[in-house]
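**Q** What follows is model_12.cif; its format and atoms are mmCIF, C-alpha atoms.
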```cif
data_start
#
loop_
_atom_site.label_atom_id
_atom_site.label_comp_id
_atom_site.auth_asym_id
_atom_site.auth_seq_id
_atom_site.Cartn_x
_atom_site.Cartn_y
_atom_site.Cartn_z
CA ALA A 7 0.00 0.00 0.00
CA PRO A 8 1.27 3.51 -0.75
CA ALA A 9 2.50 5.54 2.18
CA PRO A 10 -0.06 8.00 3.58
CA PRO A 11 0.55 11.65 2.70
CA PRO A 12 2.19 13.88 5.30
CA ALA A 13 -0.12 15.64 7.75
CA ARG A 14 0.36 19.04 6.09
CA HIS A 15 -1.82 17.83 3.21
CA LEU A 16 -4.64 16.72 5.51
CA PHE A 17 -7.21 18.29 7.81
CA SER A 18 -6.04 16.65 11.02
CA ASP A 19 -6.76 19.44 13.54
CA PRO A 20 -10.40 19.24 14.77
CA ALA A 21 -10.32 22.89 15.84
CA GLU A 22 -9.29 24.00 12.36
CA VAL A 23 -11.97 21.84 10.75
CA GLU A 24 -14.61 23.35 13.02
CA ALA A 25 -13.42 26.89 12.27
CA LEU A 26 -13.37 26.25 8.52
CA ARG A 27 -16.93 24.89 8.63
CA GLY A 28 -18.19 27.88 10.56
CA ASN A 29 -16.49 30.46 8.34
CA LEU A 30 -17.64 28.78 5.13
CA LEU A 31 -21.26 28.33 6.20
CA ALA A 32 -21.50 31.90 7.51
CA TRP A 33 -20.25 33.16 4.14
CA TYR A 34 -22.68 30.89 2.28
CA ASP A 35 -25.62 32.17 4.31
CA ARG A 36 -24.69 35.73 3.36
CA CYS A 37 -23.60 35.31 -0.23
CA LYS A 38 -25.22 32.23 -1.80
CA ARG A 39 -26.81 32.66 -5.20
CA ASP A 40 -30.59 32.41 -5.51
CA LEU A 41 -30.99 29.32 -7.69
CA PRO A 42 -34.29 27.56 -8.45
CA TRP A 43 -33.16 24.09 -7.38
CA ARG A 44 -31.99 25.43 -4.03
CA ALA A 45 -35.42 26.91 -3.40
CA LEU A 46 -37.10 23.60 -4.24
CA ALA A 47 -34.67 21.63 -2.05
CA ALA A 48 -35.36 23.95 0.87
CA MET A 49 -39.14 24.27 0.52
CA GLU A 50 -40.39 20.96 -0.92
CA PRO A 51 -41.84 18.83 1.95
CA ASP A 52 -42.16 15.64 -0.12
CA ALA A 53 -38.87 13.75 0.14
CA ASP A 54 -39.16 12.10 -3.28
CA ARG A 55 -39.96 15.35 -5.07
CA ARG A 56 -37.12 17.04 -3.19
CA GLY A 57 -34.65 14.35 -4.24
CA TYR A 58 -35.89 14.48 -7.84
CA ALA A 59 -35.52 18.28 -7.97
CA VAL A 60 -31.91 18.11 -6.79
CA TRP A 61 -31.16 15.16 -9.07
CA VAL A 62 -32.33 16.99 -12.20
CA SER A 63 -30.21 20.03 -11.32
CA GLU A 64 -27.10 17.98 -10.67
CA ILE A 65 -27.38 16.11 -13.97
CA MET A 66 -27.92 19.36 -15.90
CA LEU A 67 -25.00 21.04 -14.14
CA GLN A 68 -22.54 18.35 -15.24
CA GLN A 69 -20.23 20.03 -17.78
CA THR A 70 -22.65 22.99 -18.08
CA GLN A 71 -22.56 26.45 -16.50
CA VAL A 72 -25.19 27.57 -14.01
CA ALA A 73 -26.32 30.52 -16.15
CA THR A 74 -27.11 28.16 -19.02
CA VAL A 75 -28.87 25.59 -16.86
CA ILE A 76 -31.37 27.87 -15.06
CA ASP A 77 -33.79 28.31 -17.98
CA TYR A 78 -33.60 24.63 -18.96
CA TYR A 79 -34.20 23.60 -15.35
CA ASN A 80 -37.25 25.82 -14.94
CA ARG A 81 -38.81 24.55 -18.16
CA TRP A 82 -38.04 20.93 -17.25
CA MET A 83 -39.59 21.16 -13.77
CA GLN A 84 -42.63 22.94 -15.16
CA LYS A 85 -43.14 20.20 -17.75
CA TRP A 86 -42.23 17.23 -15.52
CA PRO A 87 -42.56 18.26 -11.86
CA THR A 88 -42.37 14.66 -10.59
CA LEU A 89 -40.56 11.41 -11.33
CA GLN A 90 -43.86 9.93 -12.45
CA ALA A 91 -44.39 12.69 -15.03
CA LEU A 92 -40.89 12.22 -16.44
CA ALA A 93 -41.28 8.45 -16.59
CA GLN A 94 -44.35 8.88 -18.81
CA ALA A 95 -42.64 11.25 -21.24
CA SER A 96 -41.24 10.12 -24.57
CA LEU A 97 -37.54 10.23 -25.32
CA GLU A 98 -38.36 12.57 -28.20
CA GLU A 99 -39.90 15.06 -25.75
CA VAL A 100 -36.86 14.78 -23.47
CA ASN A 101 -34.48 15.37 -26.37
CA GLU A 102 -36.50 18.37 -27.55
CA LEU A 103 -36.30 20.07 -24.18
CA TRP A 104 -32.62 19.13 -23.76
CA ALA A 105 -31.66 20.42 -27.22
CA GLY A 106 -28.84 22.94 -26.93
CA LEU A 107 -27.76 21.85 -23.44
CA GLY A 108 -25.14 19.43 -24.75
CA TYR A 109 -24.05 15.95 -23.63
CA TYR A 110 -27.44 14.64 -24.69
CA SER A 111 -27.08 11.18 -23.16
CA ARG A 112 -27.60 12.85 -19.77
CA GLY A 113 -31.28 13.49 -20.45
CA LYS A 114 -31.80 9.99 -21.78
CA ARG A 115 -30.19 8.36 -18.73
CA LEU A 116 -32.16 10.62 -16.40
CA GLN A 117 -35.42 9.47 -17.91
CA GLU A 118 -34.34 5.82 -17.89
CA ALA A 119 -33.53 6.10 -14.19
CA ALA A 120 -36.85 7.83 -13.48
CA LYS A 121 -38.67 4.93 -15.15
CA LYS A 122 -36.73 2.51 -12.95
CA VAL A 123 -37.66 4.40 -9.77
CA VAL A 124 -41.33 4.32 -10.74
CA SER A 125 -41.49 0.71 -11.98
CA GLU A 126 -39.02 -1.04 -9.65
CA LEU A 127 -38.79 1.14 -6.55
CA SER A 128 -42.48 2.08 -6.19
CA GLY A 129 -41.68 5.71 -7.00
CA ARG A 130 -39.47 6.06 -3.91
CA MET A 131 -36.07 7.68 -4.34
CA PRO A 132 -33.18 5.88 -2.61
CA ARG A 133 -32.23 7.81 0.51
CA THR A 134 -28.47 7.22 0.83
CA ALA A 135 -25.53 7.96 -1.45
CA GLU A 136 -24.66 4.27 -1.53
CA ASP A 137 -28.14 3.22 -2.70
CA LEU A 138 -28.49 6.11 -5.13
CA GLN A 139 -25.26 5.14 -6.87
CA LYS A 140 -26.09 1.44 -6.82
CA LEU A 141 -29.71 1.61 -7.94
CA LEU A 142 -29.94 4.53 -10.37
CA PRO A 143 -28.31 4.28 -13.81
CA GLY A 144 -26.28 7.35 -14.69
CA VAL A 145 -25.85 8.41 -11.04
CA GLY A 146 -22.19 8.40 -10.07
CA ARG A 147 -20.40 9.02 -6.81
CA TYR A 148 -20.63 12.81 -6.93
CA THR A 149 -24.30 13.03 -7.96
CA ALA A 150 -25.26 10.44 -5.34
CA GLY A 151 -23.45 12.39 -2.63
CA ALA A 152 -25.04 15.66 -3.68
CA ILE A 153 -28.59 14.26 -3.68
CA ALA A 154 -28.11 12.42 -0.39
CA SER A 155 -26.61 15.37 1.46
CA ILE A 156 -28.81 18.14 0.04
CA SER A 157 -32.14 16.26 -0.05
CA TYR A 158 -31.81 13.78 2.80
CA GLY A 159 -29.23 15.26 5.17
CA GLN A 160 -26.71 12.44 4.88
CA ALA A 161 -23.31 13.57 6.18
CA THR A 162 -21.35 12.63 3.10
CA GLY A 163 -18.90 14.77 1.18
CA VAL A 164 -18.88 15.57 -2.52
CA VAL A 165 -16.05 16.09 -4.97
CA ASP A 166 -16.63 17.91 -8.26
CA GLY A 167 -14.37 20.19 -10.29
CA ASN A 168 -14.97 23.15 -7.99
CA VAL A 169 -14.27 21.13 -4.85
CA ILE A 170 -11.11 19.68 -6.38
CA ARG A 171 -9.80 23.18 -7.01
CA VAL A 172 -10.64 24.44 -3.52
CA LEU A 173 -9.17 21.45 -1.69
CA CYS A 174 -6.00 21.38 -3.80
CA ARG A 175 -5.39 25.04 -2.98
CA LEU A 176 -6.28 24.70 0.69
CA ARG A 177 -3.68 21.96 1.09
CA CYS A 178 -1.14 22.64 -1.71
CA ILE A 179 -1.92 19.40 -3.51
CA GLY A 180 0.15 19.53 -6.67
CA ALA A 181 -0.01 15.95 -7.88
CA ASP A 182 -2.15 15.25 -10.94
CA SER A 183 -5.65 16.06 -9.64
CA SER A 184 -7.29 13.83 -12.23
CA SER A 185 -5.46 10.69 -11.09
CA PRO A 186 -7.56 8.09 -9.22
CA ALA A 187 -5.18 8.10 -6.24
CA VAL A 188 -5.49 11.87 -5.74
CA ILE A 189 -9.25 11.82 -6.30
CA ASP A 190 -9.60 9.17 -3.58
CA ARG A 191 -7.61 11.36 -1.17
CA LEU A 192 -9.83 14.34 -1.99
CA TRP A 193 -12.95 12.28 -1.25
CA ASP A 194 -11.44 11.34 2.11
CA MET A 195 -10.83 15.03 2.82
CA ALA A 196 -14.35 16.03 1.76
CA ASN A 197 -15.83 13.43 4.09
CA VAL A 198 -13.71 14.73 6.97
CA LEU A 199 -14.74 18.33 6.34
CA VAL A 200 -18.49 17.94 5.77
CA ASP A 201 -20.61 19.47 8.52
CA SER A 202 -22.85 16.75 9.97
CA SER A 203 -25.51 19.26 11.08
CA ARG A 204 -25.78 20.98 7.68
CA PRO A 205 -24.21 18.59 5.15
CA GLY A 206 -26.18 19.80 2.13
CA ASP A 207 -25.47 23.46 2.81
CA PHE A 208 -21.81 22.74 3.51
CA ASN A 209 -21.34 20.85 0.24
CA GLN A 210 -23.12 23.56 -1.70
CA ALA A 211 -21.00 26.19 0.07
CA LEU A 212 -17.79 24.41 -0.91
CA MET A 213 -18.94 24.21 -4.53
CA GLU A 214 -20.18 27.81 -4.45
CA LEU A 215 -16.78 28.95 -3.20
CA GLY A 216 -15.09 27.27 -6.15
CA ALA A 217 -17.63 28.64 -8.62
CA THR A 218 -17.60 32.28 -7.50
CA VAL A 219 -14.43 33.02 -5.49
CA CYS A 220 -11.81 30.28 -5.83
CA VAL A 221 -12.14 30.34 -9.62
CA PRO A 222 -9.60 28.79 -12.01
CA LYS A 223 -7.99 32.07 -13.07
CA ALA A 224 -7.72 35.31 -11.08
CA PRO A 225 -9.27 33.91 -7.88
CA LEU A 226 -10.68 36.51 -5.47
CA CYS A 227 -8.51 35.54 -2.51
CA GLY A 228 -9.28 38.78 -0.68
CA GLU A 229 -12.96 37.77 -0.52
CA CYS A 230 -12.33 34.16 0.49
CA PRO A 231 -13.91 33.26 3.84
CA VAL A 232 -11.42 30.44 4.47
CA LYS A 233 -8.18 32.00 3.25
CA GLN A 234 -6.60 31.70 6.70
CA HIS A 235 -6.87 27.90 6.23
CA CYS A 236 -5.40 28.00 2.69
CA GLN A 237 -1.80 26.90 2.40
CA ALA A 238 -1.54 28.07 -1.21
CA TRP A 239 -2.59 31.59 -0.15
CA ARG A 240 -0.09 31.65 2.70
CA ARG A 241 2.63 30.40 0.40
CA LYS A 242 1.78 33.17 -2.05
CA LEU A 243 2.23 35.70 0.78
CA PHE A 244 5.46 34.28 2.13
CA GLY A 245 7.09 33.02 -1.06
CA ASN A 246 8.96 29.80 -1.68
CA ARG A 247 10.86 29.86 1.63
CA PRO A 248 8.17 30.81 4.12
CA PRO A 249 8.99 31.54 7.75
CA VAL A 250 6.05 29.40 8.87
CA PRO A 251 7.14 25.76 9.04
CA ASP A 252 3.79 24.16 8.20
CA VAL A 253 3.63 25.77 4.78
CA GLU A 254 7.04 24.61 3.64
CA ASP A 255 7.47 21.87 1.09
CA CYS A 256 6.92 18.39 2.47
CA CYS A 257 10.59 17.45 2.28
CA VAL A 258 9.32 13.88 2.07
CA GLY A 259 10.48 11.86 -0.89
CA ASP A 260 7.81 10.64 -3.28
CA CYS A 261 4.95 12.39 -1.49
CA PRO A 262 1.82 11.24 -3.34
CA LEU A 263 0.22 14.70 -3.18
CA CYS A 264 3.14 17.05 -3.89
CA PRO A 265 3.95 18.32 -7.38
CA PRO A 266 6.68 16.39 -9.17
CA ALA A 267 10.19 17.78 -8.78
CA THR A 268 10.13 18.73 -12.46
CA GLU A 269 7.21 21.11 -11.85
CA PRO A 270 8.23 23.34 -8.93
CA TRP A 271 6.23 26.21 -7.46
CA ASP A 272 5.91 29.09 -9.92
CA SER A 273 5.74 32.29 -7.88
CA SER A 274 4.14 34.17 -10.79
CA LEU A 275 1.10 31.87 -10.61
CA GLY A 276 0.45 32.14 -6.88
CA VAL A 277 -2.49 30.03 -5.76
CA THR A 278 -3.22 29.07 -9.35
CA ASN A 279 -0.26 26.69 -9.14
CA PHE A 280 -2.99 24.37 -7.92
CA PRO A 281 -4.64 22.17 -9.02
CA ARG A 282 -2.52 20.50 -11.65
CA LYS A 283 -3.76 18.10 -14.28
CA ALA A 284 -2.15 15.96 -16.91
CA ALA A 285 -2.14 17.64 -20.30
CA LYS A 286 -5.36 17.04 -22.22
CA LYS A 287 -5.27 15.18 -25.47
CA PRO A 288 -6.13 17.54 -28.31
CA PRO A 289 -9.60 16.90 -29.78
CA ARG A 290 -9.57 14.84 -32.93
CA ALA A 291 -10.53 16.63 -36.13
CA MET A 292 -13.55 15.43 -38.11
CA ARG A 293 -15.21 16.68 -41.28
CA THR A 294 -18.83 16.05 -42.17
CA ALA A 295 -20.73 17.00 -45.30
CA THR A 296 -24.28 18.07 -44.57
CA CYS A 297 -27.01 19.17 -46.96
CA VAL A 298 -30.03 21.35 -46.29
CA LEU A 299 -32.66 19.91 -48.63
CA GLU A 300 -35.43 22.44 -49.23
CA ARG A 301 -38.82 22.07 -50.87
CA ARG A 302 -41.93 24.23 -51.14
CA GLY A 303 -44.51 23.03 -48.62
CA CYS A 304 -48.24 22.66 -49.19
CA HIS A 305 -48.87 26.12 -47.73
CA GLY A 306 -46.11 27.74 -49.75
CA ALA A 307 -43.61 27.97 -46.89
CA PRO A 308 -40.24 26.27 -47.38
CA GLU A 309 -39.71 22.92 -45.66
CA TYR A 310 -36.47 21.15 -44.81
CA LEU A 311 -35.64 17.47 -44.49
CA ILE A 312 -34.30 16.29 -41.15
CA VAL A 313 -33.31 12.74 -40.25
CA GLN A 314 -32.82 11.06 -36.90
CA ARG A 315 -29.41 9.97 -35.67
CA PRO A 316 -28.84 6.46 -34.28
CA SER A 317 -30.03 5.73 -30.73
CA SER A 318 -26.48 5.42 -29.41
CA GLY A 319 -23.25 7.34 -29.81
CA LEU A 320 -22.65 11.06 -30.29
CA LEU A 321 -25.88 13.14 -30.30
CA ALA A 322 -27.91 9.93 -29.98
CA GLY A 323 -31.52 10.20 -31.14
CA LEU A 324 -31.26 13.84 -32.18
CA TRP A 325 -32.37 15.15 -35.57
CA GLU A 326 -30.08 16.63 -38.20
CA PHE A 327 -29.88 17.53 -41.86
CA PRO A 328 -28.72 14.55 -43.97
CA SER A 329 -25.03 14.27 -43.20
CA LEU A 330 -22.07 12.14 -44.16
CA PRO A 331 -18.68 11.82 -42.41
CA LEU A 332 -15.81 12.66 -44.75
CA ALA A 333 -12.23 11.49 -44.96
CA GLN A 334 -9.71 14.20 -44.14
CA ASP A 335 -8.12 16.10 -47.08
CA LEU A 336 -10.84 15.08 -49.52
CA GLN A 337 -11.06 17.25 -52.64
CA GLU A 338 -14.22 19.35 -52.97
CA LYS A 339 -15.27 17.54 -56.14
CA LYS A 340 -15.05 14.18 -54.37
CA GLU A 341 -16.92 15.59 -51.35
CA ARG A 342 -19.79 16.64 -53.59
CA GLU A 343 -19.91 13.25 -55.31
CA GLU A 344 -20.00 11.32 -52.02
CA LEU A 345 -22.69 13.60 -50.60
CA ALA A 346 -24.74 13.28 -53.81
CA ASP A 347 -24.58 9.48 -53.57
CA HIS A 348 -25.66 9.67 -49.94
CA LEU A 349 -28.61 11.93 -50.77
CA GLN A 350 -29.64 9.65 -53.60
CA ALA A 351 -30.22 6.86 -51.07
CA TRP A 352 -32.61 9.13 -49.19
CA MET A 353 -34.45 10.47 -52.20
CA GLY A 354 -34.60 7.39 -54.37
CA GLN A 355 -33.58 9.39 -57.44
CA PRO A 356 -30.30 10.57 -58.88
CA VAL A 357 -28.74 13.71 -57.44
CA ALA A 358 -26.33 15.70 -59.57
CA ALA A 359 -23.22 16.64 -57.59
CA LYS A 360 -22.94 19.89 -59.50
CA GLY A 361 -26.45 20.81 -58.37
CA LEU A 362 -25.33 21.03 -54.74
CA GLN A 363 -24.73 24.65 -53.75
CA PHE A 364 -21.79 25.15 -51.41
CA ILE A 365 -22.81 27.47 -48.53
CA GLY A 366 -19.79 27.47 -46.25
CA GLU A 367 -18.28 25.69 -43.28
CA VAL A 368 -19.45 25.53 -39.67
CA ILE A 369 -17.06 24.62 -36.87
CA HIS A 370 -18.42 23.14 -33.66
CA ILE A 371 -16.27 21.96 -30.76
CA PHE A 372 -17.44 18.94 -28.84
CA SER A 373 -15.50 17.89 -25.73
CA HIS A 374 -13.31 15.49 -27.70
CA ILE A 375 -14.03 16.37 -31.34
CA HIS A 376 -13.21 19.42 -33.46
CA GLN A 377 -16.04 19.04 -35.97
CA THR A 378 -16.21 20.88 -39.28
CA TYR A 379 -19.51 20.74 -41.14
CA VAL A 380 -19.18 21.39 -44.89
CA VAL A 381 -22.61 22.81 -45.66
CA TYR A 382 -24.43 22.47 -48.99
CA SER A 383 -28.01 23.21 -50.00
CA LEU A 384 -30.28 21.74 -52.63
CA HIS A 385 -33.69 23.07 -53.72
CA LEU A 386 -36.17 20.43 -54.88
CA ASP A 387 -38.93 21.18 -57.34
CA GLY A 388 -41.18 18.14 -56.94
CA ASP A 389 -42.20 15.86 -54.09
CA VAL A 390 -39.82 13.17 -52.83
CA ALA A 391 -40.87 9.75 -51.58
CA LEU A 392 -38.61 8.95 -48.63
CA ASP A 393 -37.56 5.32 -48.08
CA PRO A 394 -39.25 4.12 -44.84
CA ALA A 395 -36.52 1.48 -44.43
CA LEU A 396 -33.99 4.17 -43.71
CA SER A 397 -33.65 6.15 -40.48
CA PRO A 398 -36.74 8.14 -39.39
CA SER A 399 -37.06 11.36 -41.35
CA ARG A 400 -39.54 14.20 -41.80
CA TRP A 401 -40.05 17.54 -43.49
CA VAL A 402 -40.26 20.54 -41.17
CA THR A 403 -40.76 24.26 -41.43
CA LYS A 404 -38.17 26.62 -39.98
CA ASP A 405 -40.19 27.02 -36.77
CA GLU A 406 -40.71 23.26 -36.50
CA PHE A 407 -36.98 22.75 -36.98
CA TYR A 408 -36.12 24.96 -34.00
CA ALA A 409 -38.80 23.21 -31.90
CA SER A 410 -37.33 19.80 -32.71
CA ALA A 411 -34.61 17.92 -30.86
CA VAL A 412 -31.73 19.33 -32.90
CA SER A 413 -28.23 20.07 -31.69
CA THR A 414 -26.63 23.48 -31.40
CA ALA A 415 -24.35 22.43 -34.25
CA MET A 416 -27.32 21.89 -36.57
CA LYS A 417 -28.76 25.27 -35.58
CA LYS A 418 -25.46 26.80 -36.66
CA VAL A 419 -25.74 24.91 -39.96
#
```
Mind turning the file's structure into structure tokens?

**A**
Amino acid sequence: APAPPPARHLFSDPAEVEALRGNLLAWYDRCKRDLPWRALAAMEPDADRRGYAVWVSEIMLQQTQVATVIDYYNRWMQKWPTLQALAQASLEEVNELWAGLGYYSRGKRLQEAAKKVVSELSGRMPRTAEDLQKLLPGVGRYTAGAIASISYGQATGVVDGNVIRVLCRLRCIGADSSSPAVIDRLWDMANVLVDSSRPGDFNQALMELGATVCVPKAPLCGECPVKQHCQAWRRKLFGNRPPVPDVEDCCVGDCPLCPPATEPWDSSLGVTNFPRKAAKKPPRAMRTATCVLERRGCHGAPEYLIVQRPSSGLLAGLWEFPSLPLAQDLQEKKEREELADHLQAWMGQPVAAKGLQFIGEVIHIFSHIHQTYVVYSLHLDGDVALDPALSPSRWVTKDEFYASAVSTAMKKV
């Protein structure tokens, strides 16, 4: 077993832990943001509705900023205020409401889990982090801890990106913060720190601190309610050779939480020396030809053909204009020919490559893909009989397009 980290990386003084809790909660009570899911968690008397309200917010907030989530959350809770309502919805309805929020599998998994709660658990939400993680698909360690502490008062910590940043700065943890060993240590620390009398508020306060004060760049250390407990802040004040012994380097070989010797403290970065992560792999580049097929509808308004993506993989189940992945460095003439062949399968009639009008390119960045859409358009004079054996497809007006479950990328197109 690896050696435990030195005490300077831990919260081993009960008096300090108690002081940190008090300072953080007092700040949270004064400064917390007014967010709709917090109001529901505080005011909803029904335990299952309360857990559901927190659950929806936590799933939406994964990889998505609060400002973006608020409107989606309000519309979601208005449409499906209970687990039972969500379980009865169609996946198409879920995708339509989720459209534009990104990471679309989140909505699908949320609905699948809601159906399981209704059909297998008699509509009763699990009450502990352990059961939430075990019984609900798509609920991981963090989401389970958040629901259990905020909705049900379980004294369990949480570790998300904001908490990682705060804890790494509080205790000068410079090892790769994305490594499983460091993450496990951070969970141990979060469970030590959590306030047993107000676990939900404490966890939200820790996350709020990371979101609004202890931010990745240009943190507002002067406004931090726990700066006196922050070793990175003290090191910034005193420099690399501080006069206070407990903020010196560990001086312990192979400390599992210290930065590697090849990455020493950079005084120009201050507290933003922490946390440190392994370098991200650059997103892979992809090119896709997509064609906006347009016809004159029965009422004279233009209509556009959209087709449904497969039920698994990227943007699963969403609708898009007919599209075709392209090999890199393909000549434009060859791109047109391949797209024309692809469209011919949809339309059941020959498509002349030269009839495709090049519109331009749209770039959209997914988390792991740098996607370039090469956009063409084609106006059709007569009606087209679509092959029912192919993926689901339909003609839509412009308004119907924007009301459909289409990705942000397709809206750009």

**Q** Applied to the shown file, which residues does the PyMOL selection byres ((chain A and resi 189) around 12) return, written as number ranges by chain?

**A** A: 147-148, 164-167, 169-171, 173-174, 179, 181-188, 190-196, 262-263, 281, 283

**Q** Please provide as a list in words all residues within 12 Å of Thr414 of chain A, with the sequence filter that same-chain residues fewer than 4 positions apart are discarded (counting all atoms listed in the file).

**A** Glu102, Trp104, Ala105, Gly106, Leu107, Gly108, Tyr109, Tyr110, Leu321, Leu324, Trp325, Glu326, Val368, Ile369, His370, Ile371, Phe372, Phe407, Tyr408, Ser410, Lys418 and Val419 of chain A

**Q** Quick one: apply the PyMOL selection byres ((chain A and resi 203) around 12) to the file and drop the selected residues here as a PyMOL selection string.

**A** chain A and resi 24+27-28+31+155-156+158-162+199-202+204-209

**Q** For segment 331-341 of chain A, find every residue with an atom within 12 Å (counting only C-alpha atoms), except residues of its own chain fewer than 5 positions away, and show them as a VMD selection string.

**A** chain A and resid 290 to 297 346 to 348 358 to 364 366 377 to 382

**Q** Name the closest residue to Ala120 of chain A among the candidates A:Arg315, A:Lys242, A:Arg55, A:Arg177; distances are taken between atoms, counting only C-alpha atoms.

**A**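 Checking each of A:Arg315, A:Lys242, A:Arg55, A:Arg177 against Ala120 of chain A, counting only C-alpha atoms, the winner is A:Arg55.
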
**Q** Out of A:Glu344, A:Glu22, A:Glu269, A:Glu214, which residue has the shortest atom-to-atom distance to Leu41 of chain A when counting all atoms listed in the file?

**A**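 Ranked by minimum distance to Leu41 of chain A, first place goes to A:Glu214.
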
**Q** Go through segment 100-197 of chain A residue by residue and, counting only C-alpha atoms, keep those with an atom at most 10 Å from segment 73-91 of chain A; for each kept residue give the shortest atom pair and its distance in Å to one decimal, ordered by chain and increasing number, as CSV.

**A**
```
residue,atom,partner,partner_atom,distance
A:Val100,CA,A:Trp82,CA,8.8
A:Leu103,CA,A:Trp82,CA,7.2
A:Trp104,CA,A:Tyr78,CA,7.4
A:Ala105,CA,A:Tyr78,CA,9.5
A:Gly106,CA,A:Tyr78,CA,9.4
A:Leu107,CA,A:Val75,CA,7.6
A:Leu116,CA,A:Leu89,CA,9.8
A:Gln117,CA,A:Leu89,CA,8.6
A:Ala119,CA,A:Leu89,CA,9.3
A:Ala120,CA,A:Leu89,CA,5.6
A:Lys121,CA,A:Gln90,CA,7.7
A:Lys122,CA,A:Leu89,CA,9.8
A:Val123,CA,A:Leu89,CA,7.7
A:Val124,CA,A:Gln90,CA,6.4
A:Ser125,CA,A:Gln90,CA,9.5
A:Gly129,CA,A:Gln90,CA,7.2
A:Arg130,CA,A:Leu89,CA,9.2
A:Met131,CA,A:Leu89,CA,9.1
```

**Q** Take atom CA of Leu320 of chain A and atom CA of Ser413 of chain A and report the distance between them in Å, one decimal.

**A**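 Taking atom CA of Leu320 of chain A as the start and atom CA of Ser413 of chain A as the end point, the length is 10.7 Å.
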
**Q** Which residue, A:Ala211, A:Ala284, A:Cys230, A:Ala322, has the smallest gap to Asp35 of chain A when you use only C-alpha atoms?

**A**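 Of A:Ala211, A:Ala284, A:Cys230, A:Ala322, the one nearest Asp35 of chain A is A:Ala211, counting only C-alpha atoms.
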
**Q** Counting only C-alpha atoms, figure out which residue out of A:Cys264, A:Leu26, A:Leu330, A:Ala47 gets nearest to Ile153 of chain A.

**A**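 Residue with the minimum atom-to-atom distance to Ile153 of chain A: A:Ala47.
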
**Q** Excluding same-chain residues fewer than 6 positions from Lys223 of chain A, what lies within 10 Å of it counting all atoms listed in the file, as a PyMOL selection string?

**A** chain A and resi 275+277-278

**Q** Interatomic distance between atom CA of Tyr58 of chain A and atom CA of Pro132 of chain A?

**A** 10.4 Å

**Q** Write out as a PyMOL selection string which residues come within 9 Å of Asp387 of chain A when counting all atoms listed in the file, dropping same-chain ones fewer than 4 positions away.

**A** chain A and resi 300-302

**Q** Please evaluate the PyMOL selection byres ((chain A and resi 139) around 12) against the displayed coordinates and give the resulting residues as a ChimeraX atom specification.

**A** /A:61,119,131-138,140-154

**Q** Just checking: using all atoms listed in the file, which residue out of A:Ala411, A:Pro231, A:Met49, A:Arg39 ends up closest to Gly113 of chain A?

**A**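 When distances to Gly113 of chain A are compared using all atoms listed in the file, the smallest one comes from A:Ala411.
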
**Q** Report, in Å with one decimal, the straight-line distance from atom CA of Val221 of chain A to atom CA of His15 of chain A.

**A**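 Computing it gives 20.7 Å between the two atoms.
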
**Q** Would you mind telling me which residue in A:Gln210, A:Gln237, A:Ser399, A:Ser274 lies nearest to Arg14 of chain A when using all atoms listed in the file?

**A**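 Looking only at the distances to Arg14 of chain A, the closest residue turns out to be A:Gln237.
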